[in-house]
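Asker: I am sharing input.cif, which consists of mmCIF, C-alpha atoms (C1' of nucleotides):
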```
data_coords
loop_
_atom_site.label_atom_id
_atom_site.label_comp_id
_atom_site.auth_asym_id
_atom_site.auth_seq_id
_atom_site.Cartn_x
_atom_site.Cartn_y
_atom_site.Cartn_z
CA MET E 1 8.03 24.59 29.46
CA ASN E 2 5.76 26.55 27.23
CA LYS E 3 7.77 27.96 24.41
CA ARG E 4 9.20 24.52 23.74
CA THR E 5 6.00 22.54 23.45
CA GLU E 6 4.58 25.31 21.38
CA LYS E 7 7.39 25.14 18.89
CA MET E 8 7.32 21.36 18.85
CA ALA E 9 3.64 21.38 18.00
CA GLU E 10 4.45 23.73 15.18
CA THR E 11 7.12 21.47 13.70
CA ARG E 12 4.83 18.48 14.02
CA ALA E 13 2.18 20.36 12.14
CA LYS E 14 4.66 21.42 9.50
CA LEU E 15 5.90 17.89 9.01
CA ILE E 16 2.40 16.45 8.80
CA GLN E 17 1.42 19.04 6.27
CA ALA E 18 4.49 18.37 4.16
CA ALA E 19 3.87 14.65 4.44
CA ARG E 20 0.26 15.02 3.33
CA GLN E 21 1.45 16.68 0.19
CA ALA E 22 4.34 14.35 -0.50
CA PHE E 23 2.40 11.16 0.19
CA ALA E 24 -0.51 12.36 -1.90
CA GLU E 25 1.68 13.19 -4.86
CA LYS E 26 4.21 10.36 -4.89
CA GLY E 27 2.64 7.78 -2.67
CA TYR E 28 4.04 6.66 0.65
CA ALA E 29 6.69 4.33 -0.72
CA GLU E 30 8.15 6.78 -3.19
CA ALA E 31 8.10 9.82 -0.95
CA SER E 32 11.55 10.81 0.24
CA MET E 33 11.80 11.95 3.83
CA ASP E 34 14.76 14.14 3.02
CA ASP E 35 12.70 15.92 0.43
CA LEU E 36 9.57 16.47 2.42
CA THR E 37 11.40 17.65 5.53
CA SER E 38 13.57 20.09 3.65
CA LYS E 39 10.46 21.59 2.07
CA VAL E 40 9.56 22.96 5.47
CA ASN E 41 13.15 23.78 6.40
CA LEU E 42 13.72 20.80 8.64
CA THR E 43 15.72 17.60 8.48
CA ARG E 44 15.01 13.95 9.10
CA GLY E 45 16.23 14.50 12.62
CA ALA E 46 13.04 16.35 13.49
CA LEU E 47 11.01 13.63 11.89
CA TYR E 48 12.52 10.75 13.77
CA HIS E 49 12.39 12.67 17.00
CA ASN E 50 8.69 13.41 16.64
CA PHE E 51 7.30 10.35 14.90
CA GLY E 52 9.80 7.56 15.47
CA ASN E 53 10.00 6.48 11.85
CA LYS E 54 8.43 6.86 8.46
CA LEU E 55 5.45 4.70 9.38
CA GLY E 56 4.84 6.85 12.44
CA LEU E 57 4.52 9.86 10.21
CA LEU E 58 2.11 8.05 7.94
CA ALA E 59 0.02 7.05 10.94
CA ALA E 60 -0.14 10.66 12.08
CA VAL E 61 -1.18 11.83 8.63
CA VAL E 62 -3.81 9.13 8.28
CA ASP E 63 -5.15 9.96 11.71
CA GLN E 64 -5.55 13.61 10.81
CA LEU E 65 -7.23 12.88 7.50
CA ASP E 66 -9.52 10.32 9.05
CA SER E 67 -10.65 12.82 11.66
CA GLU E 68 -11.32 15.45 9.05
CA MET E 69 -13.31 12.97 7.02
CA ALA E 70 -15.43 11.90 9.96
CA ILE E 71 -16.25 15.50 10.82
CA LYS E 72 -17.27 16.35 7.29
CA ALA E 73 -19.35 13.22 6.92
CA GLN E 74 -21.14 13.87 10.17
CA MET E 75 -21.90 17.43 9.17
CA LYS E 76 -23.36 16.34 5.88
CA ALA E 77 -25.38 13.62 7.54
CA GLU E 78 -26.73 15.91 10.24
CA ALA E 79 -28.01 18.30 7.62
CA VAL E 80 -30.62 15.71 6.64
CA GLU E 81 -33.76 15.29 8.71
CA ASN E 82 -34.92 11.78 7.90
CA GLU E 83 -32.80 9.23 9.71
CA TRP E 84 -32.52 6.82 6.86
CA GLU E 85 -31.73 9.54 4.36
CA SER E 86 -29.16 10.81 6.81
CA PHE E 87 -27.49 7.43 6.87
CA LEU E 88 -27.37 7.32 3.11
CA MET E 89 -25.97 10.82 3.03
CA GLU E 90 -23.11 9.76 5.22
CA GLY E 91 -22.21 7.01 2.81
CA ILE E 92 -22.52 9.36 -0.12
CA ALA E 93 -20.25 11.79 1.66
CA TYR E 94 -17.60 9.07 1.93
CA ILE E 95 -17.90 8.31 -1.74
CA GLU E 96 -17.42 11.94 -2.60
CA MET E 97 -14.52 12.46 -0.23
CA ALA E 98 -12.80 9.39 -1.55
CA LEU E 99 -12.55 11.24 -4.83
CA VAL E 100 -10.09 13.67 -3.31
CA PRO E 101 -6.69 12.37 -4.42
CA GLU E 102 -5.10 13.08 -1.07
CA ILE E 103 -7.64 10.97 0.79
CA GLN E 104 -7.79 8.22 -1.75
CA ARG E 105 -4.08 7.77 -2.03
CA ILE E 106 -3.16 8.08 1.63
CA VAL E 107 -6.15 6.81 3.57
CA LEU E 108 -7.62 4.27 1.19
CA LEU E 109 -4.63 2.84 -0.62
CA ASP E 110 -1.40 3.34 1.31
CA GLY E 111 -3.02 3.32 4.74
CA PRO E 112 -4.33 -0.25 4.67
CA ALA E 113 -1.27 -1.48 2.79
CA PHE E 114 1.32 -0.12 5.21
CA LEU E 115 -0.58 0.19 8.48
CA GLY E 116 -2.84 -2.82 8.16
CA ASP E 117 -6.57 -3.04 8.65
CA PRO E 118 -8.13 0.34 9.51
CA SER E 119 -10.03 -1.06 12.46
CA GLN E 120 -6.67 -1.76 14.09
CA TRP E 121 -5.34 1.75 13.63
CA PRO E 122 -4.60 3.92 16.67
CA SER E 123 -7.38 6.25 15.54
CA GLN E 124 -9.54 3.14 15.22
CA SER E 125 -10.83 4.79 12.08
CA SER E 126 -13.23 7.48 13.18
CA CYS E 127 -15.14 7.04 9.96
CA LEU E 128 -15.86 3.43 10.67
CA GLN E 129 -16.82 4.15 14.27
CA LEU E 130 -19.23 6.73 13.03
CA THR E 131 -20.90 4.32 10.66
CA ILE E 132 -21.11 1.67 13.34
CA ALA E 133 -22.84 4.08 15.71
CA LYS E 134 -25.31 5.07 13.05
CA VAL E 135 -26.15 1.51 12.09
CA GLN E 136 -26.67 0.61 15.72
CA HIS E 137 -29.00 3.56 16.15
CA LEU E 138 -31.02 2.61 13.09
CA ILE E 139 -31.43 -0.90 14.40
CA ASP E 140 -32.50 0.40 17.80
CA THR E 141 -35.10 2.63 16.22
CA ASN E 142 -36.44 -0.31 14.24
CA ILE E 143 -35.55 1.09 10.85
CA LEU E 144 -32.97 -1.52 9.93
CA LYS E 145 -33.24 -5.27 9.97
CA GLU E 146 -31.47 -6.85 12.90
CA VAL E 147 -28.18 -7.38 11.15
CA ASP E 148 -24.77 -7.67 12.73
CA VAL E 149 -23.64 -4.12 13.36
CA GLU E 150 -19.94 -4.40 12.70
CA ALA E 151 -20.28 -6.64 9.70
CA THR E 152 -22.86 -4.40 8.08
CA SER E 153 -20.85 -1.27 8.76
CA ARG E 154 -17.77 -2.77 7.21
CA LEU E 155 -19.70 -3.88 4.16
CA VAL E 156 -21.34 -0.51 3.67
CA SER E 157 -18.18 1.52 4.10
CA GLY E 158 -16.26 -0.95 1.97
CA ALA E 159 -18.82 -0.60 -0.77
CA ALA E 160 -18.66 3.17 -0.59
CA LEU E 161 -14.88 3.31 -0.71
CA ASN E 162 -14.63 0.87 -3.56
CA ALA E 163 -17.20 2.77 -5.52
CA ALA E 164 -15.13 5.88 -5.06
CA LEU E 165 -12.01 4.16 -6.33
CA TRP E 166 -13.93 3.23 -9.43
CA VAL E 167 -15.27 6.72 -9.94
CA ALA E 168 -11.86 8.28 -9.49
CA ALA E 169 -10.19 5.90 -11.93
CA SER E 170 -12.80 6.47 -14.58
CA ALA E 171 -12.22 8.81 -17.47
CA THR E 172 -15.24 10.92 -16.64
CA PRO E 173 -15.67 11.01 -12.87
CA GLU E 174 -18.43 13.58 -13.01
CA GLU E 175 -20.56 11.29 -15.09
CA VAL E 176 -20.11 8.11 -13.11
CA LEU E 177 -20.43 9.62 -9.66
CA PRO E 178 -24.25 9.82 -9.78
CA LYS E 179 -24.36 6.22 -10.95
CA ALA E 180 -22.25 5.15 -8.00
CA ILE E 181 -24.47 7.04 -5.61
CA GLU E 182 -27.62 5.55 -7.11
CA ALA E 183 -26.21 2.03 -6.91
CA PHE E 184 -25.15 2.68 -3.34
CA LYS E 185 -28.67 3.68 -2.38
CA THR E 186 -30.14 0.66 -4.08
CA LEU E 187 -27.75 -1.67 -2.35
CA CYS E 188 -28.39 -0.17 1.06
CA SER E 189 -32.13 -0.51 0.61
CA GLY E 190 -31.61 -4.19 1.34
CA LEU E 191 -30.94 -3.27 4.95
CA VAL E 192 -34.24 -1.58 5.73
CA LYS E 193 -37.00 -3.44 7.48
CA SER E 194 -39.81 -4.16 5.06
CA MET C 1 13.80 -22.05 -30.44
CA ASN C 2 12.09 -24.55 -28.22
CA LYS C 3 14.40 -25.45 -25.44
CA ARG C 4 14.96 -21.76 -24.70
CA THR C 5 11.37 -20.64 -24.39
CA GLU C 6 10.70 -23.73 -22.36
CA LYS C 7 13.41 -22.89 -19.89
CA MET C 8 12.38 -19.26 -19.79
CA ALA C 9 8.83 -20.22 -18.91
CA GLU C 10 10.23 -22.32 -16.13
CA THR C 11 12.25 -19.50 -14.64
CA ARG C 12 9.27 -17.18 -14.91
CA ALA C 13 7.20 -19.70 -13.04
CA LYS C 14 9.91 -20.10 -10.42
CA LEU C 15 10.20 -16.37 -9.90
CA ILE C 16 6.46 -15.87 -9.65
CA GLN C 17 6.19 -18.66 -7.15
CA ALA C 18 9.02 -17.25 -5.05
CA ALA C 19 7.47 -13.80 -5.28
CA ARG C 20 4.08 -15.07 -4.16
CA GLN C 21 5.66 -16.41 -1.04
CA ALA C 22 7.89 -13.41 -0.33
CA PHE C 23 5.19 -10.81 -1.01
CA ALA C 24 2.70 -12.73 1.10
CA GLU C 25 5.07 -13.00 4.04
CA LYS C 26 6.80 -9.62 4.07
CA GLY C 27 4.60 -7.51 1.89
CA TYR C 28 5.66 -6.06 -1.45
CA ALA C 29 7.64 -3.13 -0.08
CA GLU C 30 9.69 -5.14 2.39
CA ALA C 31 10.40 -8.08 0.13
CA SER C 32 13.98 -8.16 -1.09
CA MET C 33 14.48 -9.20 -4.67
CA ASP C 34 17.90 -10.58 -3.92
CA ASP C 35 16.36 -12.84 -1.32
CA LEU C 36 13.46 -14.13 -3.32
CA THR C 37 15.48 -14.79 -6.44
CA SER C 38 18.23 -16.63 -4.59
CA LYS C 39 15.60 -18.86 -3.02
CA VAL C 40 15.05 -20.40 -6.44
CA ASN C 41 18.73 -20.27 -7.39
CA LEU C 42 18.49 -17.23 -9.62
CA THR C 43 19.66 -13.62 -9.45
CA ARG C 44 18.02 -10.27 -10.01
CA GLY C 45 19.32 -10.46 -13.55
CA ALA C 46 16.69 -13.04 -14.42
CA LEU C 47 14.06 -10.93 -12.77
CA TYR C 48 14.78 -7.73 -14.63
CA HIS C 49 15.11 -9.59 -17.88
CA ASN C 50 11.72 -11.27 -17.51
CA PHE C 51 9.62 -8.69 -15.75
CA GLY C 52 11.33 -5.34 -16.28
CA ASN C 53 11.26 -4.27 -12.67
CA LYS C 54 9.87 -5.08 -9.28
CA LEU C 55 6.44 -3.73 -10.17
CA GLY C 56 6.37 -5.96 -13.23
CA LEU C 57 6.84 -8.97 -11.02
CA LEU C 58 4.05 -7.83 -8.73
CA ALA C 59 1.77 -7.38 -11.70
CA ALA C 60 2.51 -10.91 -12.87
CA VAL C 61 1.84 -12.32 -9.42
CA VAL C 62 -1.40 -10.39 -9.05
CA ASP C 63 -2.50 -11.52 -12.47
CA GLN C 64 -1.95 -15.13 -11.60
CA LEU C 65 -3.74 -14.88 -8.26
CA ASP C 66 -6.62 -13.00 -9.80
CA SER C 67 -7.09 -15.69 -12.41
CA GLU C 68 -7.04 -18.42 -9.81
CA MET C 69 -9.60 -16.54 -7.76
CA ALA C 70 -11.93 -16.04 -10.68
CA ILE C 71 -11.80 -19.72 -11.55
CA LYS C 72 -12.54 -20.81 -8.01
CA ALA C 73 -15.37 -18.32 -7.62
CA GLN C 74 -16.95 -19.41 -10.87
CA MET C 75 -16.76 -23.05 -9.87
CA LYS C 76 -18.45 -22.36 -6.57
CA ALA C 77 -21.10 -20.25 -8.21
CA GLU C 78 -21.85 -22.80 -10.91
CA ALA C 79 -22.48 -25.44 -8.30
CA VAL C 80 -25.64 -23.61 -7.28
CA GLU C 81 -28.81 -23.99 -9.32
CA ASN C 82 -30.79 -20.88 -8.49
CA GLU C 83 -29.41 -17.89 -10.33
CA TRP C 84 -29.74 -15.47 -7.47
CA GLU C 85 -28.25 -17.91 -4.99
CA SER C 86 -25.46 -18.48 -7.45
CA PHE C 87 -24.69 -14.78 -7.52
CA LEU C 88 -24.58 -14.66 -3.75
CA MET C 89 -22.35 -17.70 -3.69
CA GLU C 90 -19.86 -15.95 -5.90
CA GLY C 91 -19.65 -13.07 -3.48
CA ILE C 92 -19.34 -15.42 -0.56
CA ALA C 93 -16.55 -17.20 -2.36
CA TYR C 94 -14.68 -13.90 -2.63
CA ILE C 95 -15.13 -13.25 1.04
CA GLU C 96 -13.76 -16.65 1.89
CA MET C 97 -10.84 -16.40 -0.48
CA ALA C 98 -9.93 -13.00 0.85
CA LEU C 99 -9.21 -14.74 4.11
CA VAL C 100 -6.22 -16.46 2.57
CA PRO C 101 -3.24 -14.33 3.65
CA GLU C 102 -1.55 -14.59 0.29
CA ILE C 103 -4.56 -13.19 -1.53
CA GLN C 104 -5.38 -10.58 1.03
CA ARG C 105 -1.90 -9.19 1.28
CA ILE C 106 -0.97 -9.24 -2.40
CA VAL C 107 -4.21 -8.76 -4.30
CA LEU C 108 -6.25 -6.68 -1.89
CA LEU C 109 -3.69 -4.54 -0.10
CA ASP C 110 -0.45 -4.20 -2.04
CA GLY C 111 -2.05 -4.59 -5.46
CA PRO C 112 -4.22 -1.48 -5.37
CA ALA C 113 -1.56 0.49 -3.49
CA PHE C 114 1.26 -0.15 -5.95
CA LEU C 115 -0.53 -0.92 -9.20
CA GLY C 116 -3.49 1.39 -8.84
CA ASP C 117 -7.15 0.64 -9.30
CA PRO C 118 -7.80 -3.01 -10.18
CA SER C 119 -10.02 -2.13 -13.11
CA GLN C 120 -6.98 -0.58 -14.77
CA TRP C 121 -4.77 -3.64 -14.34
CA PRO C 122 -3.53 -5.50 -17.41
CA SER C 123 -5.60 -8.49 -16.29
CA GLN C 124 -8.50 -6.04 -15.92
CA SER C 125 -9.32 -7.99 -12.80
CA SER C 126 -10.95 -11.20 -13.90
CA CYS C 127 -12.87 -11.28 -10.67
CA LEU C 128 -14.49 -7.97 -11.38
CA GLN C 129 -15.25 -8.92 -14.97
CA LEU C 130 -16.94 -12.04 -13.73
CA THR C 131 -19.14 -10.12 -11.35
CA ILE C 132 -20.04 -7.60 -14.02
CA ALA C 133 -21.12 -10.37 -16.38
CA LYS C 134 -23.23 -11.95 -13.71
CA VAL C 135 -24.94 -8.73 -12.73
CA GLN C 136 -25.71 -8.01 -16.36
CA HIS C 137 -27.21 -11.43 -16.77
CA LEU C 138 -29.39 -11.03 -13.69
CA ILE C 139 -30.67 -7.74 -15.00
CA ASP C 140 -31.42 -9.26 -18.38
CA THR C 141 -33.36 -12.10 -16.80
CA ASN C 142 -35.37 -9.59 -14.82
CA ILE C 143 -34.13 -10.71 -11.44
CA LEU C 144 -32.30 -7.54 -10.53
CA LYS C 145 -33.50 -3.97 -10.57
CA GLU C 146 -32.21 -2.01 -13.50
CA VAL C 147 -29.15 -0.65 -11.78
CA ASP C 148 -25.91 0.49 -13.38
CA VAL C 149 -23.94 -2.66 -14.01
CA GLU C 150 -20.44 -1.46 -13.38
CA ALA C 151 -21.31 0.62 -10.36
CA THR C 152 -23.21 -2.19 -8.73
CA SER C 153 -20.48 -4.71 -9.44
CA ARG C 154 -17.87 -2.47 -7.89
CA LEU C 155 -20.00 -1.90 -4.83
CA VAL C 156 -20.73 -5.56 -4.35
CA SER C 157 -17.17 -6.74 -4.80
CA GLY C 158 -15.93 -3.87 -2.65
CA ALA C 159 -18.29 -4.85 0.09
CA ALA C 160 -17.18 -8.44 -0.11
CA LEU C 161 -13.51 -7.64 -0.01
CA ASN C 162 -13.84 -5.21 2.85
CA ALA C 163 -15.84 -7.71 4.81
CA ALA C 164 -13.05 -10.18 4.32
CA LEU C 165 -10.46 -7.73 5.59
CA TRP C 166 -12.52 -7.32 8.69
CA VAL C 167 -12.94 -11.04 9.20
CA ALA C 168 -9.25 -11.67 8.75
CA ALA C 169 -8.22 -8.95 11.19
CA SER C 170 -10.60 -10.17 13.85
CA ALA C 171 -9.39 -12.28 16.74
CA THR C 172 -11.79 -15.09 15.91
CA PRO C 173 -12.23 -15.29 12.15
CA GLU C 174 -14.25 -18.48 12.30
CA GLU C 175 -16.89 -16.79 14.41
CA VAL C 176 -17.23 -13.60 12.40
CA LEU C 177 -17.20 -15.15 8.97
CA PRO C 178 -20.85 -16.30 9.12
CA LYS C 179 -21.85 -12.83 10.30
CA ALA C 180 -20.11 -11.28 7.33
CA ILE C 181 -21.80 -13.67 4.95
CA GLU C 182 -25.20 -13.00 6.48
CA ALA C 183 -24.72 -9.25 6.26
CA PHE C 184 -23.57 -9.61 2.68
CA LYS C 185 -26.71 -11.47 1.75
CA THR C 186 -28.90 -8.91 3.46
CA LEU C 187 -27.18 -6.05 1.72
CA CYS C 188 -27.44 -7.67 -1.69
CA SER C 189 -31.14 -8.28 -1.21
CA GLY C 190 -31.56 -4.59 -1.95
CA LEU C 191 -30.73 -5.31 -5.55
CA VAL C 192 -33.51 -7.79 -6.32
CA LYS C 193 -36.64 -6.69 -8.03
CA SER C 194 -39.54 -6.69 -5.60
"C1'" DA W 1 31.19 -25.12 -37.76
"C1'" DA W 2 30.92 -20.29 -37.08
"C1'" DT W 3 28.40 -16.65 -35.53
"C1'" DC W 4 24.86 -14.28 -33.44
"C1'" DT W 5 21.22 -13.70 -30.29
"C1'" DA W 6 19.30 -13.70 -25.92
"C1'" DA W 7 18.87 -15.45 -21.10
"C1'" DC W 8 20.94 -14.75 -17.20
"C1'" DA W 9 24.94 -13.43 -13.87
"C1'" DT W 10 28.09 -10.05 -12.08
"C1'" DA W 11 29.50 -5.48 -10.87
"C1'" DC W 12 28.60 -0.79 -10.05
"C1'" DA W 13 26.18 3.56 -9.00
"C1'" DT W 14 22.60 5.91 -6.65
"C1'" DG W 15 19.66 6.97 -3.09
"C1'" DG W 16 16.84 6.03 0.96
"C1'" DC W 17 16.16 4.60 5.80
"C1'" DG W 18 17.56 4.26 10.45
"C1'" DT W 19 20.84 5.30 14.16
"C1'" DA W 20 24.53 7.35 16.68
"C1'" DT W 21 26.50 11.45 17.79
"C1'" DG W 22 26.87 16.35 18.14
"C1'" DT W 23 24.99 21.17 19.11
"C1'" DC W 24 22.17 24.68 20.71
"C1'" DT W 25 18.25 26.49 22.92
"C1'" DT W 26 15.36 26.55 26.90
"C1'" DA W 27 13.81 25.40 31.58
"C1'" DG W 28 14.91 24.80 36.11
"C1'" DT W 29 17.97 25.67 40.50
"C1'" DG W 30 20.93 27.69 44.05
"C1'" DC T 1 22.47 35.61 37.55
"C1'" DA T 2 25.40 31.87 36.37
"C1'" DC T 3 25.28 26.98 35.87
"C1'" DT T 4 23.57 22.68 34.79
"C1'" DA T 5 20.35 19.36 32.88
"C1'" DA T 6 17.43 18.04 29.28
"C1'" DG T 7 15.20 18.01 25.21
"C1'" DA T 8 14.59 19.38 20.17
"C1'" DC T 9 16.74 19.13 16.22
"C1'" DA T 10 20.94 18.79 12.89
"C1'" DT T 11 24.85 16.24 11.12
"C1'" DA T 12 27.31 12.17 9.90
"C1'" DC T 13 27.67 7.42 9.12
"C1'" DG T 14 26.55 2.52 7.78
"C1'" DC T 15 23.65 -0.59 5.54
"C1'" DC T 16 20.75 -2.27 2.19
"C1'" DA T 17 17.79 -2.20 -1.90
"C1'" DT T 18 16.76 -1.01 -6.56
"C1'" DG T 19 18.06 -0.30 -11.23
"C1'" DT T 20 21.46 -0.36 -14.90
"C1'" DA T 21 25.55 -1.40 -17.46
"C1'" DT T 22 28.50 -4.84 -18.65
"C1'" DG T 23 30.03 -9.48 -19.03
"C1'" DT T 24 29.38 -14.67 -20.11
"C1'" DT T 25 27.51 -18.76 -21.77
"C1'" DA T 26 24.10 -21.77 -23.85
"C1'" DG T 27 21.41 -22.49 -27.71
"C1'" DA T 28 19.44 -21.04 -32.35
"C1'" DT T 29 20.47 -19.81 -37.20
"C1'" DT T 30 22.97 -20.17 -41.56
#
```
So that I can check it, write out the structure of this file as structure tokens.

Answerer:
Amino acid sequence: MNKRTEKMAETRAKLIQAARQAFAEKGYAEASMDDLTSKVNLTRGALYHNFGNKLGLLAAVVDQLDSEMAIKAQMKAEAVENEWESFLMEGIAYIEMALVPEIQRIVLLDGPAFLGDPSQWPSQSSCLQLTIAKVQHLIDTNILKEVDVEATSRLVSGAALNAALWVAASATPEEVLPKAIEAFKTLCSGLVKS
Amino acid sequence: MNKRTEKMAETRAKLIQAARQAFAEKGYAEASMDDLTSKVNLTRGALYHNFGNKLGLLAAVVDQLDSEMAIKAQMKAEAVENEWESFLMEGIAYIEMALVPEIQRIVLLDGPAFLGDPSQWPSQSSCLQLTIAKVQHLIDTNILKEVDVEATSRLVSGAALNAALWVAASATPEEVLPKAIEAFKTLCSGLVKS
DNA sequence: AATCTAACATACATGGCGTATGTCTTAGTG
DNA sequence: CACTAAGACATACGCCATGTATGTTAGATT
């Protein structure tokens, strides 16, 4: 049982890739499963066998994107020495990633609408978990006020994502992005111990 | 041409009301237009005549809810003397309203997913406009730092809405709500001039 | 009063999802 | 090395929902 699992993993990957493209372009609701499967020379049969239904495919796609986002954000954050600056950099990384149409459309818009609250997702939203860990650490090291960890994390990530939606919808994203980042920093400064 | 427009306004109201209920219960995608129209003794004919298509109906519903939200938030905010406290109260009001399933599902989840970014809606999102005006005023009166108005407003409202999503998804909303409010206040404190 | 407009209902066409069934390849077994 | 069992995927079908095209009737216009 080697050649079979190998091939199955390949078709799963193909379907997820096709779905990423289709969902990003047309949105989850308008994406046809016949279309996206045939683009990788498969049929809906493969899809239902591997993912159960259309929502299962969306969940798989969201999971993959979420993981990729968390990795990138962590890398960007780790590149900064200062702990507080590192925290801010993570948030800024989310804002910037949320500008990518694929992420915005699938993870930020369709994801919550069709899969429910991100914290309830199977992946548990790696991004959110990452932020929670970081906030906890900053509280432990006496940098942040003693706020509620989960609540603060949700507020911060929510602010970042919403800022990104605004930037992306604007006519001149390149011009407003720095403003969003600046406002984000200012807002977050309310969390630091004085 | 009086009795006709009168009756048409009535059917529009009936359809919007039915849609509010259907969208809130099943979500926009899963709501059947045959079902919701027949619940008020109409057919899809009335719907397409009045709203063009299913998205048109959603837009009308969102517009109505958004207006109601803005009014409520303003009332709550006006009840507070201190300008800064009043601003916070507005945000808190949004958090609390976002706990109402109807608002959460339709305005916060399905709205952005199917209609796009709220700032591009026909209603232009009264809630957002309200926050923008308030932020501008607080900057003018030298209470807030000189941040970018739009960016800050988006961040603040985004934080509030995301906090609400978290509260609503939690097992014990009554217990987490105060935490969310507290965290919101702390976060916003970063905006005040020191 | 006659006609015309428009609000709404009815009927039809299209397409998508989900499931049930079929087929073929691969892994295991004597 | 056949033979069988199972799983991965394709094919075929039914159902339902949206959107549109066509009717029908009530009310406005003259």

Asker: By how many Å are atom CA of Gln17 of chain C and atom CA of Thr131 of chain C apart?

Answerer: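 Going from atom CA of Gln17 of chain C over to atom CA of Thr131 of chain C covers 27.1 Å.
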
Asker: Given only C-alpha atoms (C1' of nucleotides) as the basis, pick out the residue of W:DA27, W:DA13, W:DA1, W:DA6 nearest to chain E.

Answerer: W:DA27

Asker: Atom CA of Asn2 of chain E to atom C1' of DT4 of chain T: how many Å, to one decimal?

Answerer: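 Rounded to one decimal, the two atoms are 19.7 Å apart.
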
Asker: For the file shown, report as a list in words the outcome of the PyMOL selection byres ((chain T) within 10 of (chain C)) at residue level.

Answerer: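 Selected by the PyMOL selection byres ((chain T) within 10 of (chain C)) in this file: DC16, DA17, DT18, DG19, DT20, DA26, DG27, DA28 and DT29 of chain T.
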
Asker: Would you list the contacts of segment 35-39 of chain E as JSON, numbers by chain, taking every protein, DNA or RNA residue within 8 Å and counting all atoms listed in the file, but skipping same-chain residues closer than 3 positions in sequence?

Answerer: {"E": [15, 18, 19, 22, 31, 32, 42, 43, 44, 47]}

Asker: Could I get segment 20-24 of chain E rebuilt with all heavy atoms, written as a PDB file, in the frame of the given file?

Answerer:
```pdb
ATOM      1  N   ARG E  20       1.530  15.137   4.042  1.00  0.00           N
ATOM      2  CA  ARG E  20       0.260  15.020   3.330  1.00  0.00           C
ATOM      3  C   ARG E  20       0.461  15.282   1.845  1.00  0.00           C
ATOM      4  O   ARG E  20      -0.041  14.549   0.993  1.00  0.00           O
ATOM      5  CB  ARG E  20      -0.775  16.001   3.891  1.00  0.00           C
ATOM      6  CG  ARG E  20      -1.406  15.544   5.191  1.00  0.00           C
ATOM      7  CD  ARG E  20      -2.341  16.580   5.762  1.00  0.00           C
ATOM      8  NE  ARG E  20      -3.510  16.833   4.942  1.00  0.00           N
ATOM      9  CZ  ARG E  20      -4.712  17.120   5.441  1.00  0.00           C
ATOM     10  NH1 ARG E  20      -4.896  17.209   6.758  1.00  0.00           N
ATOM     11  NH2 ARG E  20      -5.723  17.342   4.646  1.00  0.00           N
ATOM     12  N   GLN E  21       1.212  16.327   1.581  1.00  0.00           N
ATOM     13  CA  GLN E  21       1.450  16.680   0.190  1.00  0.00           C
ATOM     14  C   GLN E  21       2.313  15.649  -0.527  1.00  0.00           C
ATOM     15  O   GLN E  21       1.987  15.183  -1.614  1.00  0.00           O
ATOM     16  CB  GLN E  21       2.108  18.059   0.118  1.00  0.00           C
ATOM     17  CG  GLN E  21       1.881  18.746  -1.206  1.00  0.00           C
ATOM     18  CD  GLN E  21       2.451  20.156  -1.215  1.00  0.00           C
ATOM     19  OE1 GLN E  21       2.767  20.711  -0.165  1.00  0.00           O
ATOM     20  NE2 GLN E  21       2.587  20.742  -2.381  1.00  0.00           N
ATOM     21  N   ALA E  22       3.401  15.290   0.123  1.00  0.00           N
ATOM     22  CA  ALA E  22       4.340  14.350  -0.500  1.00  0.00           C
ATOM     23  C   ALA E  22       3.712  12.974  -0.712  1.00  0.00           C
ATOM     24  O   ALA E  22       3.822  12.395  -1.794  1.00  0.00           O
ATOM     25  CB  ALA E  22       5.601  14.235   0.353  1.00  0.00           C
ATOM     26  N   PHE E  23       3.036  12.468   0.314  1.00  0.00           N
ATOM     27  CA  PHE E  23       2.400  11.160   0.190  1.00  0.00           C
ATOM     28  C   PHE E  23       1.308  11.177  -0.866  1.00  0.00           C
ATOM     29  O   PHE E  23       1.122  10.210  -1.605  1.00  0.00           O
ATOM     30  CB  PHE E  23       1.804  10.734   1.540  1.00  0.00           C
ATOM     31  CG  PHE E  23       2.841  10.437   2.594  1.00  0.00           C
ATOM     32  CD1 PHE E  23       2.489  10.328   3.934  1.00  0.00           C
ATOM     33  CD2 PHE E  23       4.175  10.261   2.251  1.00  0.00           C
ATOM     34  CE1 PHE E  23       3.444  10.046   4.909  1.00  0.00           C
ATOM     35  CE2 PHE E  23       5.135   9.984   3.214  1.00  0.00           C
ATOM     36  CZ  PHE E  23       4.765   9.876   4.543  1.00  0.00           C
ATOM     37  N   ALA E  24       0.579  12.275  -0.923  1.00  0.00           N
ATOM     38  CA  ALA E  24      -0.510  12.360  -1.900  1.00  0.00           C
ATOM     39  C   ALA E  24       0.039  12.374  -3.322  1.00  0.00           C
ATOM     40  O   ALA E  24      -0.520  11.753  -4.217  1.00  0.00           O
ATOM     41  CB  ALA E  24      -1.345  13.606  -1.641  1.00  0.00           C
TER      42      ALA E  24
END
```
